[in-house]
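Engineer: I'm passing along query-v2.cif; it holds mmCIF, C-alpha atoms and all ligand atoms.
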data_run
#
loop_
_atom_site.label_atom_id
_atom_site.label_comp_id
_atom_site.auth_asym_id
_atom_site.auth_seq_id
_atom_site.Cartn_x
_atom_site.Cartn_y
_atom_site.Cartn_z
CA MET U 1 -2.23 -1.55 5.48
CA ARG U 2 0.40 -1.16 8.17
CA PHE U 3 3.94 -2.51 8.14
CA SER U 4 3.16 -4.54 11.25
CA GLU U 5 0.50 -6.43 9.28
CA ILE U 6 2.98 -7.50 6.61
CA ILE U 7 4.36 -10.95 7.34
CA GLU U 8 8.16 -11.11 7.73
CA GLN U 9 10.13 -9.23 4.97
CA GLN U 10 12.35 -7.79 7.69
CA GLN U 11 15.05 -6.61 5.29
CA LEU U 12 12.59 -4.48 3.36
CA LYS U 13 11.02 -3.16 6.51
CA ASP U 14 14.45 -2.15 7.81
CA HIS U 15 15.16 -0.32 4.57
CA VAL U 16 11.93 1.67 4.49
CA GLN U 17 11.99 2.35 8.22
CA HIS U 18 15.45 3.83 7.85
CA ALA U 19 14.25 5.96 4.93
CA LEU U 20 11.22 7.19 6.89
CA ARG U 21 13.30 8.01 9.96
CA THR U 22 16.05 9.85 8.15
CA GLY U 23 13.83 11.38 5.48
CA ARG U 24 16.17 10.00 2.84
CA VAL U 25 13.89 8.18 0.44
CA SER U 26 15.52 6.74 -2.68
CA HIS U 27 14.36 8.23 -5.96
CA ALA U 28 14.01 4.85 -7.62
CA MET U 29 13.32 1.46 -6.08
CA LEU U 30 12.69 -1.94 -7.59
CA PHE U 31 10.47 -4.32 -5.64
CA SER U 32 11.08 -7.79 -7.07
CA GLY U 33 9.40 -11.13 -6.42
CA ASP U 34 6.82 -13.54 -7.82
CA GLU U 35 3.17 -12.70 -8.22
CA GLY U 36 1.50 -12.98 -4.82
CA MET U 37 4.60 -12.08 -2.81
CA GLY U 38 3.16 -8.68 -1.91
CA LYS U 39 5.16 -6.22 -4.03
CA LYS U 40 2.25 -3.88 -4.62
CA MET U 41 1.02 -4.08 -1.04
CA PHE U 42 4.48 -3.19 0.24
CA ALA U 43 4.94 -0.34 -2.24
CA ARG U 44 1.50 1.10 -1.46
CA THR U 45 2.10 0.95 2.29
CA PHE U 46 5.45 2.67 1.87
CA ALA U 47 3.95 5.32 -0.40
CA GLN U 48 1.16 5.98 2.09
CA ALA U 49 3.69 6.28 4.90
CA ILE U 50 5.82 8.72 2.91
CA LEU U 51 2.81 10.91 2.19
CA CYS U 52 1.18 10.61 5.64
CA GLU U 53 0.82 13.91 7.50
CA ASN U 54 0.84 12.33 10.92
CA ARG U 55 3.13 9.30 10.93
CA GLN U 56 3.13 7.25 14.11
CA ASP U 57 5.85 5.42 15.96
CA ALA U 58 4.17 2.20 17.03
CA GLY U 59 6.52 0.07 19.08
CA GLY U 60 9.62 1.09 17.14
CA MET U 61 7.92 0.88 13.76
CA ILE U 62 6.96 4.02 11.85
CA GLU U 63 3.46 3.53 10.46
CA PRO U 64 1.08 5.61 8.35
CA CYS U 65 -1.70 6.93 10.60
CA GLY U 66 -4.51 5.74 8.33
CA GLU U 67 -6.68 8.72 9.27
CA CYS U 68 -5.17 11.94 7.93
CA HIS U 69 -6.40 13.53 4.70
CA SER U 70 -3.40 12.17 2.83
CA CYS U 71 -3.83 8.60 4.12
CA VAL U 72 -7.53 8.60 3.30
CA MET U 73 -6.80 9.74 -0.26
CA ALA U 74 -3.95 7.25 -0.64
CA MET U 75 -6.14 4.37 0.53
CA ALA U 76 -8.95 5.44 -1.79
CA GLY U 77 -6.55 5.67 -4.72
CA THR U 78 -7.31 9.38 -5.20
CA HIS U 79 -4.14 11.02 -3.88
CA PRO U 80 -2.96 13.52 -6.52
CA ASP U 81 0.70 12.91 -5.60
CA LEU U 82 0.47 9.12 -5.82
CA ARG U 83 0.03 7.54 -9.17
CA GLU U 84 -0.10 3.89 -10.25
CA LEU U 85 0.69 3.40 -13.89
CA VAL U 86 -1.53 1.28 -16.11
CA HIS U 87 -1.01 -0.25 -19.52
CA GLU U 88 -3.68 -1.14 -22.03
CA LYS U 89 -1.90 -3.90 -23.88
CA ALA U 90 0.37 -6.67 -22.62
CA THR U 91 3.27 -4.23 -22.37
CA TYR U 92 3.66 -0.51 -21.66
CA GLY U 93 3.78 1.61 -24.78
CA VAL U 94 6.29 4.47 -24.97
CA ASP U 95 3.40 6.95 -24.98
CA GLU U 96 1.97 5.45 -21.81
CA ILE U 97 5.27 5.91 -19.99
CA ARG U 98 5.62 9.46 -21.35
CA SER U 99 2.13 10.66 -20.51
CA GLN U 100 1.71 8.93 -17.15
CA LEU U 101 5.20 9.49 -15.83
CA VAL U 102 7.79 11.43 -17.81
CA SER U 103 5.70 14.56 -18.36
CA ASP U 104 3.47 14.10 -15.31
CA ILE U 105 6.46 14.12 -12.98
CA GLU U 106 7.23 17.71 -13.97
CA LEU U 107 4.23 18.82 -11.91
CA LYS U 108 5.14 19.85 -8.38
CA PRO U 109 3.58 17.91 -5.47
CA MET U 110 0.16 19.28 -4.50
CA HIS U 111 0.18 18.37 -0.82
CA GLY U 112 3.55 17.51 0.58
CA ASP U 113 7.17 17.05 -0.38
CA TYR U 114 6.84 14.02 -2.64
CA ARG U 115 5.31 12.81 -5.84
CA ILE U 116 5.24 9.02 -6.02
CA TYR U 117 4.87 6.72 -9.01
CA ILE U 118 4.25 2.98 -8.74
CA ILE U 119 4.90 0.98 -11.91
CA PRO U 120 3.29 -2.48 -11.62
CA GLU U 121 4.64 -5.13 -14.01
CA ALA U 122 7.59 -2.90 -14.83
CA ASP U 123 9.24 -5.90 -16.48
CA GLY U 124 6.47 -5.51 -19.06
CA MET U 125 8.17 -2.39 -20.43
CA ASN U 126 9.84 -3.01 -23.75
CA PRO U 127 13.30 -1.48 -24.34
CA ALA U 128 11.82 1.66 -25.97
CA SER U 129 9.55 2.28 -22.96
CA GLN U 130 12.43 1.65 -20.60
CA ASN U 131 14.55 4.16 -22.46
CA ALA U 132 11.74 6.70 -22.19
CA LEU U 133 11.79 6.18 -18.43
CA LEU U 134 15.57 6.24 -18.23
CA LYS U 135 15.94 9.99 -18.74
CA THR U 136 13.73 10.62 -15.72
CA LEU U 137 15.68 8.11 -13.64
CA GLU U 138 18.90 9.85 -14.59
CA GLU U 139 17.74 13.27 -13.46
CA PRO U 140 14.72 12.90 -11.22
CA PRO U 141 13.17 16.01 -9.63
CA ALA U 142 14.02 16.22 -5.92
CA TYR U 143 10.46 15.31 -4.92
CA ALA U 144 10.20 12.25 -7.20
CA VAL U 145 9.92 8.68 -5.91
CA ILE U 146 9.54 5.92 -8.48
CA MET U 147 8.74 2.35 -7.39
CA LEU U 148 9.11 -0.33 -10.04
CA LEU U 149 7.49 -3.72 -9.38
CA ALA U 150 8.78 -6.72 -11.30
CA GLU U 151 8.60 -10.50 -11.29
CA ARG U 152 11.59 -10.76 -13.60
CA PRO U 153 14.03 -7.93 -12.89
CA GLN U 154 16.40 -9.50 -15.41
CA ALA U 155 14.01 -8.27 -18.13
CA LEU U 156 14.99 -4.70 -17.28
CA LEU U 157 17.87 -2.92 -18.98
CA GLN U 158 21.13 -2.74 -17.07
CA THR U 159 20.92 1.05 -17.28
CA ILE U 160 17.59 0.97 -15.43
CA LEU U 161 18.80 -1.55 -12.84
CA SER U 162 21.91 0.47 -12.07
CA ARG U 163 19.74 3.46 -11.14
CA THR U 164 17.37 1.63 -8.81
CA VAL U 165 17.72 0.18 -5.34
CA GLU U 166 16.54 -3.43 -5.58
CA LEU U 167 14.32 -4.55 -2.72
CA PRO U 168 13.60 -8.26 -3.17
CA LEU U 169 10.62 -9.82 -1.40
CA ARG U 170 11.68 -13.09 0.20
CA PRO U 171 9.71 -16.31 0.65
CA VAL U 172 7.93 -16.37 3.99
CA HIS U 173 8.31 -19.31 6.40
CA ASP U 174 5.56 -21.94 6.14
CA GLU U 175 4.70 -21.68 9.84
CA ALA U 176 4.16 -17.92 9.54
CA ILE U 177 1.85 -18.39 6.55
CA GLU U 178 0.01 -21.16 8.37
CA ARG U 179 -0.54 -18.98 11.42
CA PHE U 180 -1.71 -16.08 9.26
CA LEU U 181 -4.21 -18.28 7.41
CA MET U 182 -5.64 -19.66 10.65
CA GLU U 183 -5.73 -16.40 12.58
CA LYS U 184 -6.61 -13.84 9.93
CA GLN U 185 -8.42 -15.88 7.31
CA ARG U 186 -10.07 -18.40 9.63
CA VAL U 187 -8.86 -21.36 7.62
CA PRO U 188 -9.03 -24.74 9.44
CA ASP U 189 -5.61 -25.97 10.58
CA TYR U 190 -5.18 -28.96 8.26
CA ARG U 191 -6.03 -26.82 5.23
CA ALA U 192 -3.80 -23.98 6.36
CA HIS U 193 -1.00 -26.53 6.64
CA GLU U 194 -1.38 -27.87 3.10
CA CYS U 195 -1.95 -24.45 1.50
CA ALA U 196 1.13 -23.04 3.23
CA ALA U 197 3.26 -26.01 2.22
CA PHE U 198 2.16 -25.81 -1.38
CA ALA U 199 2.53 -22.04 -1.64
CA ALA U 200 6.32 -22.24 -1.21
CA GLY U 201 6.64 -19.06 0.84
CA ASN U 202 4.21 -17.00 -1.23
CA VAL U 203 1.48 -15.55 0.99
CA GLY U 204 -0.75 -14.38 -1.88
CA ARG U 205 -0.65 -17.82 -3.42
CA ALA U 206 -1.48 -19.47 -0.09
CA ILE U 207 -4.52 -17.21 0.35
CA ARG U 208 -5.67 -18.06 -3.15
CA PHE U 209 -5.26 -21.81 -2.63
CA CYS U 210 -7.26 -21.71 0.58
CA GLY U 211 -10.08 -19.70 -0.88
CA ASP U 212 -10.16 -21.64 -4.06
CA ASP U 213 -11.98 -24.91 -4.75
CA SER U 214 -9.88 -25.57 -7.82
CA PHE U 215 -6.82 -26.21 -5.66
CA ARG U 216 -8.85 -28.55 -3.43
CA ASN U 217 -10.11 -30.37 -6.55
CA MET U 218 -6.60 -30.58 -7.97
CA VAL U 219 -5.30 -32.22 -4.79
CA ASP U 220 -8.25 -34.63 -4.53
CA GLY U 221 -8.11 -35.45 -8.23
CA THR U 222 -4.37 -36.09 -8.23
CA ALA U 223 -4.43 -38.23 -5.09
CA SER U 224 -7.25 -40.36 -6.43
CA LEU U 225 -5.52 -40.65 -9.81
CA LEU U 226 -2.34 -41.90 -8.13
CA GLY U 227 -4.31 -44.21 -5.85
CA GLU U 228 -6.27 -45.83 -8.67
CA MET U 229 -3.58 -45.69 -11.33
CA ASP U 230 -2.87 -49.44 -11.29
CA ARG U 231 -6.23 -50.30 -12.76
CA LEU U 232 -6.49 -47.44 -15.25
CA THR U 233 -5.64 -47.58 -18.94
CA THR U 234 -3.34 -45.04 -20.52
CA ALA U 235 -6.33 -43.28 -22.07
CA ASP U 236 -8.06 -43.13 -18.66
CA ILE U 237 -4.96 -41.66 -17.05
CA MET U 238 -4.61 -38.98 -19.71
CA GLU U 239 -8.29 -38.16 -19.45
CA ARG U 240 -7.98 -37.78 -15.66
CA ILE U 241 -4.98 -35.47 -16.02
CA GLY U 242 -6.99 -33.42 -18.51
CA ARG U 243 -9.79 -33.07 -15.97
CA ILE U 244 -7.34 -32.00 -13.27
CA LEU U 245 -5.67 -29.39 -15.47
CA PHE U 246 -8.86 -28.15 -17.14
CA PRO U 247 -11.44 -28.22 -14.34
CA ASP U 248 -13.83 -25.96 -16.25
CA ALA U 249 -13.86 -28.04 -19.42
CA GLU U 250 -17.11 -29.75 -18.35
CA GLN U 251 -19.01 -26.51 -18.78
CA GLU U 252 -17.61 -25.78 -22.19
CA THR U 253 -19.87 -26.38 -25.13
CA GLY U 254 -19.73 -26.96 -28.86
CA LYS U 255 -16.61 -25.72 -30.56
CA GLU U 256 -14.80 -24.94 -27.34
CA LYS U 257 -14.99 -28.56 -26.28
CA LYS U 258 -12.35 -29.76 -28.66
CA LYS U 259 -9.76 -32.03 -27.18
CA LYS U 260 -7.12 -29.91 -25.53
CA GLY U 261 -3.43 -30.70 -25.56
CA LEU U 262 -2.05 -30.59 -22.02
CA LYS U 263 0.35 -27.88 -23.12
CA GLU U 264 -2.60 -25.49 -23.17
CA ALA U 265 -2.72 -25.66 -19.40
CA GLY U 266 0.32 -23.38 -19.36
CA SER U 267 3.70 -23.96 -17.79
CA ARG U 268 2.72 -22.53 -14.41
CA GLU U 269 -0.21 -24.92 -14.04
CA LEU U 270 1.84 -27.89 -15.24
CA GLY U 271 4.63 -26.96 -12.84
CA ARG U 272 2.11 -26.89 -10.02
CA PHE U 273 0.79 -30.33 -10.99
CA LEU U 274 4.35 -31.71 -10.90
CA ASP U 275 4.89 -30.03 -7.50
CA LEU U 276 1.77 -31.78 -6.30
CA LEU U 277 2.92 -35.18 -7.58
CA LEU U 278 6.20 -34.62 -5.78
CA MET U 279 4.58 -33.66 -2.49
CA LEU U 280 2.14 -36.57 -2.59
CA ASN U 281 5.01 -38.93 -3.31
CA ARG U 282 6.93 -37.41 -0.41
CA ASP U 283 3.89 -37.90 1.83
CA ALA U 284 3.77 -41.56 0.80
CA MET U 285 7.40 -41.93 1.89
CA VAL U 286 6.76 -40.25 5.24
CA TYR U 287 3.76 -42.48 5.78
CA LYS U 288 5.76 -45.56 4.84
CA ALA U 289 8.45 -44.60 7.33
CA THR U 290 6.23 -43.54 10.23
CA GLY U 291 2.89 -45.26 9.65
CA GLU U 292 1.04 -42.15 10.78
CA SER U 293 -0.56 -39.14 9.15
CA GLY U 294 0.55 -36.47 11.64
CA ARG U 295 3.48 -35.23 9.59
CA LEU U 296 1.93 -35.40 6.14
CA VAL U 297 1.33 -32.27 4.07
CA PHE U 298 -1.94 -33.66 2.78
CA ALA U 299 -3.24 -35.45 5.84
CA ALA U 300 -6.71 -35.69 4.32
CA GLN U 301 -5.36 -38.05 1.65
CA GLU U 302 -4.49 -40.86 4.02
CA ALA U 303 -6.25 -43.44 1.86
CA TYR U 304 -3.85 -42.71 -0.97
CA ASP U 305 -0.85 -42.74 1.37
CA ARG U 306 -1.76 -46.11 2.82
CA LYS U 307 -1.86 -47.57 -0.65
CA ALA U 308 1.23 -45.81 -2.01
CA ALA U 309 3.23 -46.84 1.06
CA GLN U 310 2.95 -50.45 -0.10
CA ARG U 311 5.27 -49.67 -2.98
CA SER U 312 8.96 -50.34 -2.51
CA TRP U 313 11.35 -47.62 -1.34
CA GLU U 314 13.10 -47.97 -4.67
CA ALA U 315 9.86 -47.27 -6.53
CA LEU U 316 9.15 -44.16 -4.47
CA TYR U 317 12.67 -42.84 -4.96
CA LYS U 318 12.48 -43.51 -8.67
CA ASN U 319 9.27 -41.48 -8.83
CA ILE U 320 11.11 -38.41 -7.59
CA ALA U 321 13.67 -38.79 -10.36
CA ARG U 322 10.90 -39.29 -12.93
CA ILE U 323 9.07 -36.14 -11.85
CA GLU U 324 12.25 -34.07 -12.04
CA GLN U 325 13.02 -35.56 -15.42
CA ALA U 326 9.54 -34.55 -16.65
CA ARG U 327 10.16 -31.03 -15.40
CA GLU U 328 13.38 -30.86 -17.38
CA ARG U 329 11.67 -32.18 -20.49
CA LEU U 330 8.91 -29.59 -20.27
CA ALA U 331 11.48 -26.85 -19.78
CA ALA U 332 13.23 -28.12 -22.91
CA ASN U 333 9.93 -27.97 -24.81
CA VAL U 334 9.53 -31.69 -25.30
CA ASN U 335 5.92 -32.60 -26.24
CA THR U 336 3.80 -32.08 -23.14
CA ASP U 337 1.30 -34.92 -23.64
CA MET U 338 4.06 -37.39 -24.32
CA THR U 339 6.07 -36.22 -21.31
CA MET U 340 3.12 -36.56 -18.94
CA GLU U 341 2.15 -39.94 -20.37
CA LEU U 342 5.66 -41.29 -19.92
CA LEU U 343 5.80 -39.93 -16.39
CA LEU U 344 2.50 -41.36 -15.19
CA LEU U 345 3.01 -44.72 -16.91
CA GLY U 346 6.45 -44.90 -15.36
CA MET U 347 4.97 -44.22 -11.92
CA LYS U 348 2.25 -46.76 -12.54
CA ASN U 349 4.62 -49.57 -13.50
CA GLU U 350 7.02 -48.92 -10.65
CA VAL U 351 6.07 -51.26 -7.81
ZN ZN B 1 -1.75 9.59 7.67
#
Taking this structure as input, can you express it in the form of structure tokens?
Structural biologist:
Amino acid sequence: MRFSEIIEQQQLKDHVQHALRTGRVSHAMLFSGDEGMGKKMFARTFAQAILCENRQDAGGMIEPCGECHSCVMAMAGTHPDLRELVHEKATYGVDEIRSQLVSDIELKPMHGDYRIYIIPEADGMNPASQNALLKTLEEPPAYAVIMLLAERPQALLQTILSRTVELPLRPVHDEAIERFLMEKQRVPDYRAHECAAFAAGNVGRAIRFCGDDSFRNMVDGTASLLGEMDRLTTADIMERIGRILFPDAEQETGKEKKKKGLKEAGSRELGRFLDLLLMLNRDAMVYKATGESGRLVFAAQEAYDRKAAQRSWEALYKNIARIEQARERLAANVNTDMTMELLLLGMKNEV
């Protein structure tokens, strides 16, 4: 990977470019951002550039050459001075931090001037593991570079945070994601548009949505549920939501096929479903106002929009409030099935 291939993230690029130019690389950095934002990709590119024996200045941007011995090893994951930590369980054990980092870092670099450690899911270190790391962060060897990656930096101890430079990955503009999906992933324009809109600035998520039938099915299923809601019973509606949230349930057999509570879908999935309801409702409003599909996020769902646009403005506005209210209830741990039932019935009865 080259920095020029990374979409936006100018602030981070400026930081690492400055470090590469001046040779002043921080001992400890914290790349923060949601899953899919590109933390690991950025850290790996930076690490490769630090270790590269033949860095290139390509149009004002320092890039790893991609061809030297060091780059080849870094890309293959076999560079002896670049290590990515792993953990066996959900969190890092103290021993894992000690053996993979604290004692390992005593070894001098084998090839160049640096020894680099990438810690994925660093927010998965419990306080004991963080304390084990802390001593190294307090007095790192001159050649040491430690890159922590975290979705929730707030889960790290203040003592750790105060010794790291935080480099937050920012949401990318929809248009940039759309262009990337069309040009690099050969996604058709209408799909690139909806995946980018739904990914909320997260490139990894957008790529996954586009390559993934389950997202397509979720959009189709939700639009048809909303379109046909008026003639469905409560039980039908709940069954449809179950099918949207558990697309693989059809293949499950025997014991597995017990009735699932919607809560089992997980908060991320439920949040996504609510996002989708919100965007479809927004599309209905745009369609009602303009009468055309050109500015819709989900242009392929025009049949639903035509129908939903017959509802009153008041009904469509009330839906927004209902969806946000459901989100609050779920966050407050109110019963998931009941919350979703109330939401969809409310949307159904609003005309
Ligand atoms: Zn190189």
Engineer: Kindly provide the residues of region 142-189 of chain U that approach region 202-205 of chain U to within 10 Å, each paired with its closest atom pair and their distance in Å to one decimal, based on only C-alpha atoms, listed by chain and increasing number, as JSON lines.
Structural biologist:
{"residue": "U:Leu169", "atom": "CA", "partner": "U:Asn202", "partner_atom": "CA", "distance": 9.6}
{"residue": "U:Arg170", "atom": "CA", "partner": "U:Asn202", "partner_atom": "CA", "distance": 8.6}
{"residue": "U:Pro171", "atom": "CA", "partner": "U:Asn202", "partner_atom": "CA", "distance": 5.9}
{"residue": "U:Val172", "atom": "CA", "partner": "U:Asn202", "partner_atom": "CA", "distance": 6.4}
{"residue": "U:His173", "atom": "CA", "partner": "U:Asn202", "partner_atom": "CA", "distance": 9.0}
{"residue": "U:Asp174", "atom": "CA", "partner": "U:Asn202", "partner_atom": "CA", "distance": 9.0}
{"residue": "U:Ala176", "atom": "CA", "partner": "U:Val203", "partner_atom": "CA", "distance": 9.3}
{"residue": "U:Ile177", "atom": "CA", "partner": "U:Val203", "partner_atom": "CA", "distance": 6.3}
{"residue": "U:Glu178", "atom": "CA", "partner": "U:Val203", "partner_atom": "CA", "distance": 9.4}
{"residue": "U:Phe180", "atom": "CA", "partner": "U:Val203", "partner_atom": "CA", "distance": 8.9}
{"residue": "U:Leu181", "atom": "CA", "partner": "U:Val203", "partner_atom": "CA", "distance": 9.0}
Engineer: For the selection just defined, write its residues with C-alpha atoms to a file, as a PDB file, keeping the file's coordinate frame.
Structural biologist:
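Listed below is the output, part33.pdb:
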ATOM      1  CA  LEU U 169      10.620  -9.820  -1.400  1.00  0.00           C
ATOM      2  CA  ARG U 170      11.680 -13.090   0.200  1.00  0.00           C
ATOM      3  CA  PRO U 171       9.710 -16.310   0.650  1.00  0.00           C
ATOM      4  CA  VAL U 172       7.930 -16.370   3.990  1.00  0.00           C
ATOM      5  CA  HIS U 173       8.310 -19.310   6.400  1.00  0.00           C
ATOM      6  CA  ASP U 174       5.560 -21.940   6.140  1.00  0.00           C
ATOM      7  CA  ALA U 176       4.160 -17.920   9.540  1.00  0.00           C
ATOM      8  CA  ILE U 177       1.850 -18.390   6.550  1.00  0.00           C
ATOM      9  CA  GLU U 178       0.010 -21.160   8.370  1.00  0.00           C
ATOM     10  CA  PHE U 180      -1.710 -16.080   9.260  1.00  0.00           C
ATOM     11  CA  LEU U 181      -4.210 -18.280   7.410  1.00  0.00           C
TER      12      LEU U 181
END
Engineer: Of the candidates U:Arg322, U:Ile50, U:Asn131, U:Pro141, which one gets nearest to Gln158 (chain U) if we count all atoms listed in the file?
Structural biologist: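 Closest residue, counting all atoms listed in the file: U:Asn131.
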Engineer: Could I get the residue neighbourhood of ligand ZN 1 (chain B) at 8 Å, counting all atoms listed in the file, as a PyMOL selection string?
Structural biologist: chain U and resi 48-49+51-55+64-72
Engineer: Within 9 Å of (-4.1, -44.5, -4.7) (file coordinates; only C-alpha atoms), which protein or nucleic acid residues are there? I'd like them as a short mmCIF file (atom, residue, chain, number, x, y, z; two decimals) with C-alpha atoms, keeping the file's coordinate frame.
Structural biologist:
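New file out_33.cif:
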data_model
loop_
_atom_site.label_atom_id
_atom_site.label_comp_id
_atom_site.auth_asym_id
_atom_site.auth_seq_id
_atom_site.Cartn_x
_atom_site.Cartn_y
_atom_site.Cartn_z
CA ALA U 223 -4.43 -38.23 -5.09
CA SER U 224 -7.25 -40.36 -6.43
CA LEU U 225 -5.52 -40.65 -9.81
CA LEU U 226 -2.34 -41.90 -8.13
CA GLY U 227 -4.31 -44.21 -5.85
CA GLU U 228 -6.27 -45.83 -8.67
CA MET U 229 -3.58 -45.69 -11.33
CA ASP U 230 -2.87 -49.44 -11.29
CA ALA U 303 -6.25 -43.44 1.86
CA TYR U 304 -3.85 -42.71 -0.97
CA ASP U 305 -0.85 -42.74 1.37
CA ARG U 306 -1.76 -46.11 2.82
CA LYS U 307 -1.86 -47.57 -0.65
CA ALA U 308 1.23 -45.81 -2.01
#
Engineer: Which residues are near Leu167 (chain U)? Cut-off 10 Å, only C-alpha atoms, ignore same chain within fewer than 2 positions. Put them as a compact mmCIF listing (two decimals) with C-alpha atoms, keeping the file's coordinate frame.
Structural biologist:
# COMPACT_ATOMS: atom_id res chain seq x y z
CA GLN U 9 10.13 -9.23 4.97
CA GLN U 11 15.05 -6.61 5.29
CA LEU U 12 12.59 -4.48 3.36
CA LYS U 13 11.02 -3.16 6.51
CA HIS U 15 15.16 -0.32 4.57
CA VAL U 16 11.93 1.67 4.49
CA MET U 29 13.32 1.46 -6.08
CA LEU U 30 12.69 -1.94 -7.59
CA PHE U 31 10.47 -4.32 -5.64
CA SER U 32 11.08 -7.79 -7.07
CA GLY U 33 9.40 -11.13 -6.42
CA LYS U 39 5.16 -6.22 -4.03
CA LEU U 148 9.11 -0.33 -10.04
CA LEU U 149 7.49 -3.72 -9.38
CA THR U 164 17.37 1.63 -8.81
CA VAL U 165 17.72 0.18 -5.34
CA LEU U 169 10.62 -9.82 -1.40
CA ARG U 170 11.68 -13.09 0.20
Engineer: One number please: CA of Ala299 (chain U) to CA of Arg231 (chain U), in Å, one decimal.
Structural biologist: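 Calculated distance between CA of Ala299 (chain U) and CA of Arg231 (chain U) is 24.0 Å.
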Engineer: By how many Å are CA of Val145 (chain U) and CA of Asp95 (chain U) apart?
Structural biologist: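 Separation between CA of Val145 (chain U) and CA of Asp95 (chain U): 20.2 Å.
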Engineer: May I ask which of the residues U:Ile116, U:Ile160, U:Ala155, U:Val25 is the closest one to His79 (chain U), counting only C-alpha atoms?
Structural biologist: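 Using only C-alpha atoms, His79 (chain U) sits closest to U:Ile116.
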Engineer: Choose the residue, out of U:Leu20, U:Ala90, U:Leu101, U:Leu342, that has the smallest atom-to-atom separation from Asn126 (chain U); count all atoms listed in the file.
Structural biologist: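 The shortest atom-to-atom distance to Asn126 (chain U) comes from U:Ala90.
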Engineer: So what do you get for CA of Met73 (chain U) versus CA of Phe42 (chain U), distance-wise?
Structural biologist: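 Separation between CA of Met73 (chain U) and CA of Phe42 (chain U): 17.2 Å.
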Engineer: Kindly add N, CA and C atoms to the incomplete region 51-63 of chain U and provide the output as a PDB file, keeping the file's coordinate frame.
Structural biologist:
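Okay, result.pdb is ready:
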ATOM      1  N   LEU U  51       3.721   9.772   2.376  1.00  0.00           N
ATOM      2  CA  LEU U  51       2.810  10.910   2.190  1.00  0.00           C
ATOM      3  C   LEU U  51       2.055  11.299   3.452  1.00  0.00           C
ATOM      4  N   CYS U  52       1.992  10.386   4.435  1.00  0.00           N
ATOM      5  CA  CYS U  52       1.180  10.610   5.640  1.00  0.00           C
ATOM      6  C   CYS U  52       1.587  11.901   6.359  1.00  0.00           C
ATOM      7  N   GLU U  53       0.578  12.625   6.817  1.00  0.00           N
ATOM      8  CA  GLU U  53       0.820  13.910   7.500  1.00  0.00           C
ATOM      9  C   GLU U  53       1.056  13.728   8.988  1.00  0.00           C
ATOM     10  N   ASN U  54       0.824  12.531   9.474  1.00  0.00           N
ATOM     11  CA  ASN U  54       0.840  12.330  10.920  1.00  0.00           C
ATOM     12  C   ASN U  54       1.374  10.924  11.260  1.00  0.00           C
ATOM     13  N   ARG U  55       2.559  10.635  10.725  1.00  0.00           N
ATOM     14  CA  ARG U  55       3.130   9.300  10.930  1.00  0.00           C
ATOM     15  C   ARG U  55       3.264   8.962  12.401  1.00  0.00           C
ATOM     16  N   GLN U  56       3.087   7.663  12.711  1.00  0.00           N
ATOM     17  CA  GLN U  56       3.130   7.250  14.110  1.00  0.00           C
ATOM     18  C   GLN U  56       4.263   6.274  14.373  1.00  0.00           C
ATOM     19  N   ASP U  57       4.836   6.386  15.553  1.00  0.00           N
ATOM     20  CA  ASP U  57       5.850   5.420  15.960  1.00  0.00           C
ATOM     21  C   ASP U  57       5.162   4.391  16.847  1.00  0.00           C
ATOM     22  N   ALA U  58       4.892   3.223  16.269  1.00  0.00           N
ATOM     23  CA  ALA U  58       4.170   2.200  17.030  1.00  0.00           C
ATOM     24  C   ALA U  58       5.139   1.075  17.388  1.00  0.00           C
ATOM     25  N   GLY U  59       5.615   1.106  18.610  1.00  0.00           N
ATOM     26  CA  GLY U  59       6.520   0.070  19.080  1.00  0.00           C
ATOM     27  C   GLY U  59       7.779  -0.031  18.237  1.00  0.00           C
ATOM     28  N   GLY U  60       8.367   1.110  17.891  1.00  0.00           N
ATOM     29  CA  GLY U  60       9.620   1.090  17.140  1.00  0.00           C
ATOM     30  C   GLY U  60       9.428   1.044  15.637  1.00  0.00           C
ATOM     31  N   MET U  61       8.187   0.930  15.199  1.00  0.00           N
ATOM     32  CA  MET U  61       7.920   0.880  13.760  1.00  0.00           C
ATOM     33  C   MET U  61       7.139   2.123  13.353  1.00  0.00           C
ATOM     34  N   ILE U  62       7.684   2.846  12.354  1.00  0.00           N
ATOM     35  CA  ILE U  62       6.960   4.020  11.850  1.00  0.00           C
ATOM     36  C   ILE U  62       5.832   3.536  10.936  1.00  0.00           C
ATOM     37  N   GLU U  63       4.625   3.973  11.230  1.00  0.00           N
ATOM     38  CA  GLU U  63       3.460   3.530  10.460  1.00  0.00           C
ATOM     39  C   GLU U  63       2.686   4.728   9.925  1.00  0.00           C
TER      40      GLU U  63
END
